[in-house]
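The file work13.txt comes next; it holds compact mmCIF, N, CA and C atoms.
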# COMPACT_ATOMS: atom_id res chain seq x y z
N MET C 1398 -32.72 -19.03 28.03
CA MET C 1398 -33.13 -17.72 27.57
C MET C 1398 -34.14 -17.85 26.44
N ASP C 1399 -33.87 -18.72 25.48
CA ASP C 1399 -34.78 -18.87 24.34
C ASP C 1399 -36.17 -19.29 24.78
N ARG C 1400 -36.24 -20.22 25.74
CA ARG C 1400 -37.55 -20.69 26.21
C ARG C 1400 -38.30 -19.58 26.92
N ALA C 1401 -37.59 -18.77 27.68
CA ALA C 1401 -38.23 -17.65 28.39
C ALA C 1401 -38.79 -16.65 27.38
N LEU C 1402 -38.00 -16.32 26.37
CA LEU C 1402 -38.47 -15.36 25.36
C LEU C 1402 -39.66 -15.92 24.58
N GLU C 1403 -39.62 -17.21 24.26
CA GLU C 1403 -40.75 -17.83 23.56
C GLU C 1403 -42.02 -17.70 24.40
N ALA C 1404 -41.90 -17.95 25.70
CA ALA C 1404 -43.06 -17.84 26.59
C ALA C 1404 -43.56 -16.41 26.69
N ILE C 1405 -42.65 -15.48 26.81
CA ILE C 1405 -43.03 -14.06 26.90
C ILE C 1405 -43.75 -13.62 25.63
N ARG C 1406 -43.29 -14.07 24.50
CA ARG C 1406 -43.89 -13.67 23.22
C ARG C 1406 -45.32 -14.20 23.06
N THR C 1407 -45.69 -15.22 23.83
CA THR C 1407 -47.05 -15.77 23.74
C THR C 1407 -48.04 -15.05 24.66
N VAL C 1408 -47.56 -14.17 25.52
CA VAL C 1408 -48.43 -13.44 26.44
C VAL C 1408 -49.30 -12.46 25.62
N PRO C 1409 -50.62 -12.50 25.85
CA PRO C 1409 -51.50 -11.58 25.11
C PRO C 1409 -51.07 -10.12 25.31
N GLY C 1410 -51.01 -9.39 24.21
CA GLY C 1410 -50.64 -7.98 24.26
C GLY C 1410 -49.16 -7.73 24.01
N VAL C 1411 -48.33 -8.76 24.14
CA VAL C 1411 -46.90 -8.59 23.89
C VAL C 1411 -46.69 -8.56 22.37
N THR C 1412 -46.09 -7.49 21.89
CA THR C 1412 -45.86 -7.36 20.45
C THR C 1412 -44.42 -7.67 20.06
N ALA C 1413 -43.50 -7.62 21.02
CA ALA C 1413 -42.10 -7.93 20.74
C ALA C 1413 -41.39 -8.21 22.06
N ALA C 1414 -40.37 -9.08 22.01
CA ALA C 1414 -39.58 -9.39 23.20
C ALA C 1414 -38.17 -9.73 22.79
N GLY C 1415 -37.24 -9.31 23.60
CA GLY C 1415 -35.83 -9.60 23.37
C GLY C 1415 -35.09 -9.43 24.68
N ALA C 1416 -33.82 -9.77 24.67
CA ALA C 1416 -33.00 -9.66 25.88
C ALA C 1416 -31.63 -9.09 25.53
N THR C 1417 -30.95 -8.59 26.55
CA THR C 1417 -29.62 -8.02 26.37
C THR C 1417 -28.78 -8.26 27.61
N THR C 1418 -27.47 -8.13 27.47
CA THR C 1418 -26.58 -8.30 28.61
C THR C 1418 -26.48 -7.04 29.45
N THR C 1419 -26.99 -5.93 28.94
CA THR C 1419 -26.97 -4.67 29.69
C THR C 1419 -28.09 -3.78 29.21
N ILE C 1420 -28.58 -2.93 30.08
CA ILE C 1420 -29.62 -2.00 29.65
C ILE C 1420 -28.97 -0.74 29.08
N PRO C 1421 -29.65 -0.04 28.19
CA PRO C 1421 -29.07 1.18 27.63
C PRO C 1421 -28.67 2.17 28.72
N TRP C 1422 -27.51 2.71 28.61
CA TRP C 1422 -26.94 3.67 29.56
C TRP C 1422 -26.89 3.11 30.97
N GLY C 1423 -26.77 1.78 31.08
CA GLY C 1423 -26.78 1.13 32.38
C GLY C 1423 -25.44 1.15 33.09
N GLY C 1424 -24.40 1.57 32.42
CA GLY C 1424 -23.10 1.66 33.07
C GLY C 1424 -22.36 0.34 33.16
N ASN C 1425 -22.84 -0.70 32.49
CA ASN C 1425 -22.15 -1.99 32.51
C ASN C 1425 -21.07 -1.95 31.43
N HIS C 1426 -19.87 -1.57 31.80
CA HIS C 1426 -18.82 -1.40 30.82
C HIS C 1426 -17.49 -1.93 31.34
N SER C 1427 -16.55 -2.03 30.45
CA SER C 1427 -15.22 -2.50 30.79
C SER C 1427 -14.28 -1.31 30.90
N ASP C 1428 -13.40 -1.36 31.87
CA ASP C 1428 -12.39 -0.31 32.01
C ASP C 1428 -11.09 -0.69 31.32
N SER C 1429 -11.11 -1.80 30.60
CA SER C 1429 -9.89 -2.24 29.92
C SER C 1429 -9.68 -1.44 28.64
N VAL C 1430 -8.46 -1.39 28.20
CA VAL C 1430 -8.09 -0.68 26.98
C VAL C 1430 -7.25 -1.62 26.14
N ILE C 1431 -7.42 -1.57 24.83
CA ILE C 1431 -6.67 -2.44 23.92
C ILE C 1431 -5.69 -1.59 23.13
N PHE C 1432 -4.43 -1.99 23.15
CA PHE C 1432 -3.39 -1.32 22.36
C PHE C 1432 -2.71 -2.36 21.47
N ALA C 1433 -2.30 -1.92 20.30
CA ALA C 1433 -1.50 -2.78 19.44
C ALA C 1433 -0.16 -3.03 20.12
N GLU C 1434 0.38 -4.21 19.93
CA GLU C 1434 1.66 -4.55 20.53
C GLU C 1434 2.71 -3.52 20.12
N GLY C 1435 3.43 -2.98 21.09
CA GLY C 1435 4.48 -2.02 20.84
C GLY C 1435 4.01 -0.58 20.71
N TYR C 1436 2.69 -0.34 20.75
CA TYR C 1436 2.17 1.01 20.61
C TYR C 1436 2.52 1.84 21.83
N ILE C 1437 2.95 3.06 21.61
CA ILE C 1437 3.26 3.98 22.70
C ILE C 1437 2.35 5.19 22.57
N MET C 1438 1.61 5.46 23.64
CA MET C 1438 0.70 6.61 23.61
C MET C 1438 1.49 7.91 23.57
N GLN C 1439 0.94 8.88 22.87
CA GLN C 1439 1.53 10.20 22.79
C GLN C 1439 0.97 11.07 23.91
N PRO C 1440 1.72 12.06 24.37
CA PRO C 1440 1.21 12.95 25.41
C PRO C 1440 -0.11 13.59 24.99
N GLY C 1441 -1.09 13.58 25.88
CA GLY C 1441 -2.39 14.17 25.61
C GLY C 1441 -3.34 13.30 24.81
N GLU C 1442 -2.89 12.13 24.39
CA GLU C 1442 -3.73 11.25 23.59
C GLU C 1442 -4.78 10.57 24.48
N SER C 1443 -6.00 10.47 23.99
CA SER C 1443 -7.08 9.82 24.72
C SER C 1443 -7.16 8.36 24.33
N VAL C 1444 -7.74 7.57 25.21
CA VAL C 1444 -7.95 6.15 24.92
C VAL C 1444 -9.44 5.89 24.82
N ILE C 1445 -9.77 4.85 24.10
CA ILE C 1445 -11.16 4.43 23.97
C ILE C 1445 -11.27 3.04 24.59
N SER C 1446 -12.23 2.88 25.47
CA SER C 1446 -12.45 1.60 26.12
C SER C 1446 -13.54 0.85 25.36
N PRO C 1447 -13.25 -0.36 24.89
CA PRO C 1447 -14.25 -1.11 24.13
C PRO C 1447 -15.38 -1.59 25.02
N GLU C 1448 -16.55 -1.76 24.42
CA GLU C 1448 -17.69 -2.28 25.16
C GLU C 1448 -18.38 -3.32 24.29
N GLN C 1449 -18.74 -4.42 24.89
CA GLN C 1449 -19.45 -5.47 24.17
C GLN C 1449 -20.82 -5.63 24.79
N VAL C 1450 -21.84 -5.53 23.96
CA VAL C 1450 -23.21 -5.73 24.40
C VAL C 1450 -23.81 -6.81 23.51
N VAL C 1451 -24.40 -7.81 24.11
CA VAL C 1451 -25.01 -8.90 23.37
C VAL C 1451 -26.52 -8.73 23.45
N VAL C 1452 -27.21 -8.89 22.30
CA VAL C 1452 -28.66 -8.84 22.26
C VAL C 1452 -29.19 -10.06 21.54
N THR C 1453 -30.41 -10.45 21.86
CA THR C 1453 -31.05 -11.58 21.20
C THR C 1453 -31.86 -11.08 20.01
N PRO C 1454 -32.23 -11.99 19.12
CA PRO C 1454 -33.17 -11.60 18.08
C PRO C 1454 -34.44 -11.06 18.74
N GLY C 1455 -34.98 -10.01 18.20
CA GLY C 1455 -36.18 -9.40 18.74
C GLY C 1455 -35.91 -8.24 19.66
N TYR C 1456 -34.65 -8.05 20.09
CA TYR C 1456 -34.33 -6.97 21.03
C TYR C 1456 -34.67 -5.59 20.46
N PHE C 1457 -34.21 -5.32 19.25
CA PHE C 1457 -34.43 -3.98 18.68
C PHE C 1457 -35.91 -3.77 18.37
N GLU C 1458 -36.61 -4.80 17.93
CA GLU C 1458 -38.04 -4.67 17.69
C GLU C 1458 -38.75 -4.32 19.00
N ALA C 1459 -38.33 -4.93 20.10
CA ALA C 1459 -38.95 -4.65 21.40
C ALA C 1459 -38.62 -3.24 21.87
N MET C 1460 -37.42 -2.78 21.61
CA MET C 1460 -37.03 -1.44 22.04
C MET C 1460 -37.84 -0.36 21.31
N TYR C 1461 -38.25 -0.67 20.09
CA TYR C 1461 -38.96 0.34 19.30
C TYR C 1461 -40.42 0.01 19.09
N ALA C 1462 -40.93 -0.99 19.80
CA ALA C 1462 -42.35 -1.37 19.69
C ALA C 1462 -43.23 -0.29 20.30
N ARG C 1463 -44.37 -0.10 19.72
CA ARG C 1463 -45.32 0.88 20.26
C ARG C 1463 -46.59 0.20 20.64
Please express what this file holds, its structure, as structure tokens.
Amino acid sequence: MDRALEAIRTVPGVTAAGATTTIPWGGNHSDSVIFAEGYIMQPGESVISPEQVVVTPGYFEAMYAR
């Protein structure tokens, strides 16, 4: 990945480059839920599903480059 990004950054006109494990609003998410041991949900209580997204250095600069 690092070598690819280094090469992309050398292309004339490229001002920023980065990579991510998922695209924004791409739907790449986990349906798993994490509860503390012994926790009991209350009626009507909602759960939150965690999501992990990995980005490389330069990702945010590339997302906001003009």
Show me, as a PDB file with N, CA and C atoms, in the frame of the given file, the residues that have an atom within 8 Å of C:Leu1402 when counting all atoms listed in the file, minus same-chain residues fewer than 6 positions from it.
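This is the output file out_35.pdb:
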ATOM      1  N   ALA C1414     -40.370  -9.080  22.010  1.00  0.00           N
ATOM      2  CA  ALA C1414     -39.580  -9.390  23.200  1.00  0.00           C
ATOM      3  C   ALA C1414     -38.170  -9.730  22.790  1.00  0.00           C
ATOM      4  N   GLY C1415     -37.240  -9.310  23.600  1.00  0.00           N
ATOM      5  CA  GLY C1415     -35.830  -9.600  23.370  1.00  0.00           C
ATOM      6  C   GLY C1415     -35.090  -9.430  24.680  1.00  0.00           C
ATOM      7  N   ALA C1416     -33.820  -9.770  24.670  1.00  0.00           N
ATOM      8  CA  ALA C1416     -33.000  -9.660  25.880  1.00  0.00           C
ATOM      9  C   ALA C1416     -31.630  -9.090  25.530  1.00  0.00           C
TER      10      ALA C1416
END
For stretch 1428-1432 of chain C, work out the shell of residues within 6 Å, counting all atoms listed in the file and skipping chain neighbours fewer than 2 positions away, then give it as JSON, numbers by chain.
{"C": [1426, 1434, 1436, 1445, 1446, 1447]}
So how far away is atom CA of C:Ala1462 from atom N of C:Arg1400, in Å?
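Distance reported for this atom pair: 20.7 Å.
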Report the distance between atom CA of C:Glu1403 and atom CA of C:Val1452 in Å, rounded to one decimal place.
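These two atoms are separated by 15.1 Å.
Interatomic distance, atom CA of C:Asp1399 to atom CA of C:Glu1448: 23.8 Å.
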Any chance you could work out the axis-aligned box around stretch 1404-1414 of chain C, listed atoms only, 6 Å on each side, giving centre and edge lengths in Å to one decimal, as AutoDock Vina command-line options?
--center_x -44.8 --center_y -12.7 --center_z 23.5 --size_x 25.3 --size_y 22.6 --size_z 18.8
Could you list as a short mmCIF file (atom, residue, chain, number, x, y, z; two decimals) with N, CA and C atoms, keeping the file's coordinate frame every residue that has an atom within 8 Å of (-37.0, -8.8, 18.3), using the file's coordinates and counting all atoms listed in the file?
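Generated file (part10.cif):
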data_model
loop_
_atom_site.label_atom_id
_atom_site.label_comp_id
_atom_site.auth_asym_id
_atom_site.auth_seq_id
_atom_site.Cartn_x
_atom_site.Cartn_y
_atom_site.Cartn_z
N THR C 1412 -46.09 -7.49 21.89
CA THR C 1412 -45.86 -7.36 20.45
C THR C 1412 -44.42 -7.67 20.06
N ALA C 1413 -43.50 -7.62 21.02
CA ALA C 1413 -42.10 -7.93 20.74
C ALA C 1413 -41.39 -8.21 22.06
N ALA C 1414 -40.37 -9.08 22.01
CA ALA C 1414 -39.58 -9.39 23.20
C ALA C 1414 -38.17 -9.73 22.79
N GLY C 1415 -37.24 -9.31 23.60
CA GLY C 1415 -35.83 -9.60 23.37
C GLY C 1415 -35.09 -9.43 24.68
N ALA C 1416 -33.82 -9.77 24.67
CA ALA C 1416 -33.00 -9.66 25.88
C ALA C 1416 -31.63 -9.09 25.53
N THR C 1453 -30.41 -10.45 21.86
CA THR C 1453 -31.05 -11.58 21.20
C THR C 1453 -31.86 -11.08 20.01
N PRO C 1454 -32.23 -11.99 19.12
CA PRO C 1454 -33.17 -11.60 18.08
C PRO C 1454 -34.44 -11.06 18.74
N GLY C 1455 -34.98 -10.01 18.20
CA GLY C 1455 -36.18 -9.40 18.74
C GLY C 1455 -35.91 -8.24 19.66
N TYR C 1456 -34.65 -8.05 20.09
CA TYR C 1456 -34.33 -6.97 21.03
C TYR C 1456 -34.67 -5.59 20.46
N PHE C 1457 -34.21 -5.32 19.25
CA PHE C 1457 -34.43 -3.98 18.68
C PHE C 1457 -35.91 -3.77 18.37
N GLU C 1458 -36.61 -4.80 17.93
CA GLU C 1458 -38.04 -4.67 17.69
C GLU C 1458 -38.75 -4.32 19.00
N ALA C 1459 -38.33 -4.93 20.10
CA ALA C 1459 -38.95 -4.65 21.40
C ALA C 1459 -38.62 -3.24 21.87
N MET C 1460 -37.42 -2.78 21.61
CA MET C 1460 -37.03 -1.44 22.04
C MET C 1460 -37.84 -0.36 21.31
#
Please identify all polymer residues within 8 Å of C:Thr1419, counting only C-alpha atoms, omitting same-chain residues fewer than 2 positions from it, and present them as an MDAnalysis selection string.
chainID C and resid 1417 1421 1423 1425 1450:1451
